[in-house]
>>> print(open('final-v3.cif').read())   # mmCIF, C-alpha atoms
data_input
loop_
_atom_site.label_atom_id
_atom_site.label_comp_id
_atom_site.auth_asym_id
_atom_site.auth_seq_id
_atom_site.Cartn_x
_atom_site.Cartn_y
_atom_site.Cartn_z
CA PHE A 1 8.84 -163.54 -84.63
CA LEU A 2 6.07 -164.10 -87.15
CA GLN A 3 5.18 -167.52 -88.46
CA MET A 4 3.42 -168.21 -91.71
CA SER A 5 1.44 -171.35 -92.40
CA HIS A 6 1.97 -173.35 -95.56
CA GLU A 7 -1.54 -172.33 -96.64
CA GLU A 8 -0.67 -168.62 -96.28
CA TRP A 9 2.51 -169.20 -98.27
CA GLU A 10 0.62 -170.98 -101.05
CA ALA A 11 -2.23 -168.44 -101.08
CA ALA A 12 0.13 -165.72 -102.29
CA LEU A 13 2.52 -167.84 -104.34
CA ALA A 14 0.31 -170.27 -106.27
CA PRO A 15 -1.83 -167.76 -108.21
CA LYS A 16 1.20 -165.79 -109.36
CA VAL A 17 3.30 -168.81 -110.35
CA THR A 18 0.53 -170.93 -111.88
CA GLY A 19 -1.26 -168.00 -113.51
CA THR A 20 1.89 -166.58 -115.07
CA TRP A 21 3.05 -169.98 -116.31
CA ASN A 22 -0.39 -170.69 -117.84
CA LEU A 23 -0.52 -167.28 -119.56
CA HIS A 24 2.98 -167.80 -120.91
CA HIS A 25 2.06 -171.15 -122.46
CA ALA A 26 -1.30 -169.89 -123.76
CA THR A 27 0.34 -166.93 -125.53
CA SER A 28 3.83 -168.15 -126.45
CA GLU A 29 2.79 -169.00 -130.04
CA HIS A 30 1.11 -165.61 -130.56
CA PRO A 31 2.99 -162.42 -131.44
CA LEU A 32 2.26 -160.20 -128.45
CA ASP A 33 3.14 -156.51 -128.29
CA PHE A 34 3.52 -156.70 -124.52
CA PHE A 35 3.27 -159.07 -121.56
CA VAL A 36 3.07 -157.35 -118.15
CA VAL A 37 2.99 -159.05 -114.75
CA PHE A 38 2.28 -157.30 -111.45
CA GLY A 39 4.76 -157.71 -108.62
CA SER A 40 5.13 -156.08 -105.24
CA ILE A 41 7.57 -153.71 -103.61
CA ALA A 42 7.78 -156.45 -100.94
CA GLY A 43 9.77 -158.47 -103.48
CA VAL A 44 12.12 -155.58 -104.17
CA CYS A 45 12.98 -154.59 -100.61
CA GLY A 46 11.23 -157.09 -98.35
CA ASN A 47 8.66 -156.42 -95.68
CA THR A 48 8.09 -158.11 -92.34
CA GLY A 49 5.41 -160.77 -92.58
CA GLN A 50 5.28 -160.77 -96.38
CA ALA A 51 7.83 -163.41 -97.37
CA ASN A 52 5.14 -165.09 -99.48
CA TYR A 53 4.59 -161.90 -101.54
CA ALA A 54 8.34 -161.41 -101.82
CA ALA A 55 8.80 -164.98 -103.09
CA ALA A 56 5.98 -164.58 -105.62
CA THR A 57 7.48 -161.34 -106.87
CA THR A 58 10.94 -162.88 -107.09
CA PHE A 59 9.46 -165.62 -109.28
CA LEU A 60 7.78 -162.99 -111.50
CA GLU A 61 11.03 -161.03 -111.81
CA ALA A 62 12.93 -164.16 -112.85
CA PHE A 63 10.14 -165.20 -115.21
CA THR A 64 10.20 -161.77 -116.89
CA ARG A 65 13.92 -162.21 -117.53
CA TYR A 66 13.33 -165.75 -118.81
CA ARG A 67 10.75 -164.55 -121.34
CA ARG A 68 13.03 -161.74 -122.49
CA GLN A 69 15.89 -164.24 -122.97
CA GLN A 70 13.52 -166.24 -125.18
CA GLY A 71 12.99 -163.12 -127.32
CA LEU A 72 9.44 -162.67 -126.00
CA PRO A 73 8.09 -159.38 -124.65
CA SER A 74 7.78 -159.15 -120.89
CA SER A 75 7.91 -156.61 -118.09
CA ILE A 76 7.04 -156.42 -114.42
CA LEU A 77 5.35 -153.60 -112.53
CA HIS A 78 6.29 -153.65 -108.84
CA LEU A 79 3.62 -151.82 -106.84
CA GLY A 80 3.70 -150.40 -103.36
CA VAL A 81 0.54 -149.70 -101.36
CA VAL A 82 -2.40 -148.69 -103.58
CA GLY A 83 -4.89 -146.66 -101.58
CA ASP A 84 -8.04 -146.40 -103.68
CA VAL A 85 -8.46 -149.95 -105.04
CA GLY A 86 -7.53 -153.46 -103.92
CA ALA A 87 -6.90 -155.06 -100.53
CA ALA A 88 -5.30 -152.02 -98.86
CA SER A 89 -8.26 -149.81 -99.76
CA ARG A 90 -10.55 -152.14 -97.83
CA ASN A 91 -8.41 -152.01 -94.68
CA PRO A 92 -8.56 -148.52 -93.10
CA ARG A 93 -6.35 -149.54 -90.16
CA PHE A 94 -3.61 -150.68 -92.54
CA LEU A 95 -3.81 -147.43 -94.53
CA GLN A 96 -3.62 -145.42 -91.30
CA ARG A 97 -0.49 -147.39 -90.29
CA VAL A 98 1.12 -146.78 -93.69
CA GLN A 99 0.38 -143.07 -93.47
CA SER A 100 1.61 -142.89 -89.87
CA ILE A 101 5.05 -144.06 -90.97
CA ALA A 102 4.97 -141.64 -93.91
CA LEU A 103 5.01 -144.21 -96.71
CA HIS A 104 3.77 -142.96 -100.06
CA VAL A 105 0.36 -144.36 -101.04
CA LEU A 106 -0.26 -144.85 -104.75
CA HIS A 107 -3.53 -143.89 -106.40
CA ASP A 108 -5.17 -145.58 -109.37
CA ALA A 109 -4.08 -142.88 -111.84
CA ALA A 110 -0.42 -143.46 -110.91
CA VAL A 111 -0.90 -147.22 -111.31
CA ILE A 112 -2.27 -146.64 -114.83
CA ASP A 113 0.80 -144.50 -115.60
CA GLY A 114 3.02 -147.27 -114.26
CA LEU A 115 1.23 -149.82 -116.41
CA ALA A 116 1.81 -147.61 -119.47
CA ALA A 117 5.53 -147.47 -118.61
CA ALA A 118 5.64 -151.26 -118.16
CA ILE A 119 3.93 -151.76 -121.53
CA ASN A 120 6.54 -149.50 -123.16
CA LEU A 121 9.36 -151.50 -121.53
CA SER A 122 7.88 -154.88 -122.43
CA PRO A 123 9.50 -155.31 -125.87
CA VAL A 124 12.87 -157.05 -125.66
CA ASN A 125 14.55 -154.18 -127.52
CA SER A 126 13.43 -151.55 -124.98
CA SER A 127 15.95 -149.37 -123.17
CA ASN A 128 15.49 -151.27 -119.90
CA PRO A 129 17.14 -154.72 -120.06
CA THR A 130 15.15 -156.09 -117.11
CA GLY A 131 11.73 -154.75 -118.09
CA ALA A 132 11.15 -153.76 -114.46
CA VAL A 133 9.26 -150.72 -113.15
CA ALA A 134 8.89 -150.03 -109.40
CA MET A 135 6.38 -147.60 -107.90
CA GLY A 136 5.52 -146.53 -104.38
CA LEU A 137 8.91 -146.84 -102.73
CA ALA A 138 8.99 -143.37 -101.20
CA HIS A 139 8.22 -141.38 -98.08
CA THR A 140 5.96 -138.39 -97.68
CA ARG A 141 8.38 -136.77 -95.20
CA ARG A 142 12.11 -136.17 -95.20
CA ARG A 143 14.16 -139.14 -94.01
CA ALA A 144 15.59 -137.08 -91.15
CA ASP A 145 12.04 -136.61 -89.82
CA LEU A 146 11.22 -140.34 -89.79
CA PRO A 147 11.57 -142.76 -86.88
CA LYS A 148 14.76 -144.82 -87.30
CA GLU A 149 13.08 -148.21 -87.17
CA ILE A 150 10.61 -147.82 -90.04
CA PHE A 151 10.63 -149.45 -93.43
CA LEU A 152 13.29 -147.40 -95.27
CA GLY A 153 15.26 -146.32 -92.26
CA GLY A 154 17.29 -148.08 -89.66
CA ARG A 155 20.42 -150.03 -90.58
CA ASP A 156 19.34 -151.71 -93.81
CA ALA A 157 22.38 -151.35 -96.10
CA ARG A 158 20.20 -151.66 -99.20
CA PHE A 159 18.89 -148.16 -98.50
CA SER A 160 22.16 -146.48 -97.53
CA ILE A 161 22.02 -144.41 -100.74
CA TYR A 162 18.48 -143.19 -99.97
CA PRO A 163 19.48 -140.01 -98.07
CA ASN A 164 21.51 -138.93 -101.10
CA LEU A 165 18.40 -139.06 -103.30
CA GLU A 166 16.50 -136.47 -101.28
CA SER A 167 16.54 -132.98 -102.67
CA THR A 168 17.58 -130.12 -100.44
CA SER A 169 15.47 -127.64 -102.41
CA ASP A 170 11.76 -127.29 -102.99
CA GLY A 171 12.34 -128.12 -106.67
#
>>> encode(input="final-v3.cif", output="structure tokens")
Amino acid sequence: FLQMSHEEWEAALAPKVTGTWNLHHATSEHPLDFFVVFGSIAGVCGNTGQANYAAATTFLEAFTRYRRQQGLPSSILHLGVVGDVGAASRNPRFLQRVQSIALHVLHDAAVIDGLAAAINLSPVNSSNPTGAVAMGLAHTRRRADLPKEIFLGGRDARFSIYPNLESTSDG
């Protein structure tokens, strides 16, 4: 059982909530082509010990929908582990752990591609009503080859469709 202090909770939540709210108010009178916020895969599927990141991302997801309901452009880019820049890149033990459980690690070029997709989805009239893009929610090995207790395995009903998404061919 992991416990999180109030300071740890606030450290992840406050910058996302306050920063996003301030940017919204600073730009709401200006005609923007896009408004992109960065979330986390932890908010999409959860991750042990990261309830603060999940809560921050849940706020960003709701805020993106709020802006879109106001007729303002907005999208959210949910990122998994990014290996060459950011906090994960400075923690070799963490990256080794991620790779040991066969989670896909994003690289900066993929993040730029994801940002381009989020920019394209930002206008309210885009094809995606939520304006959400998620990246990095994948394994580097077949599900059958993974230990049952890892992130996308086990008994989590949210991922019961996952085995059906795997291709049986090399294509």
>>> resolve_selection(input="final-v3.cif", expression="the PyMOL selection byres ((chain A and resi 122-139) around 6)", output="number ranges by chain")
A: 34, 68, 73-80, 102-104, 119-121, 140-141
>>> residues_near_point(input="final-v3.cif", point="(6.2, -162.7, -100.3)", cutoff="9 Å", atoms="only C-alpha atoms", output="list in words")
Trp9, Ala12, Leu13, Ser40, Ala42, Gly43, Gly46, Asn47, Gly49, Gln50, Ala51, Asn52, Tyr53, Ala54, Ala55, Ala56, Thr57 and Thr58 of chain A
>>> resolve_selection(input="final-v3.cif", expression="the PyMOL selection byres ((chain A and resi 84) around 7)", output="VMD selection string")
chain A and resid 82 to 83 85 89 107 to 108
>>> atom_distance(input="final-v3.cif", atom1="CA of Arg90 (chain A)", atom2="CA of Pro15 (chain A)")
20.7 Å
>>> atom_distance(input="final-v3.cif", atom1="CA of Asp113 (chain A)", atom2="CA of His25 (chain A)")
27.5 Å
>>> atom_distance(input="final-v3.cif", atom1="CA of Arg67 (chain A)", atom2="CA of Glu10 (chain A)")
23.6 Å
>>> closest_residue(input="final-v3.cif", among="A:Lys16, A:Leu106, A:Leu23, A:Phe59", to="Phe35 (chain A)", atoms="all atoms listed in the file")
A:Leu23
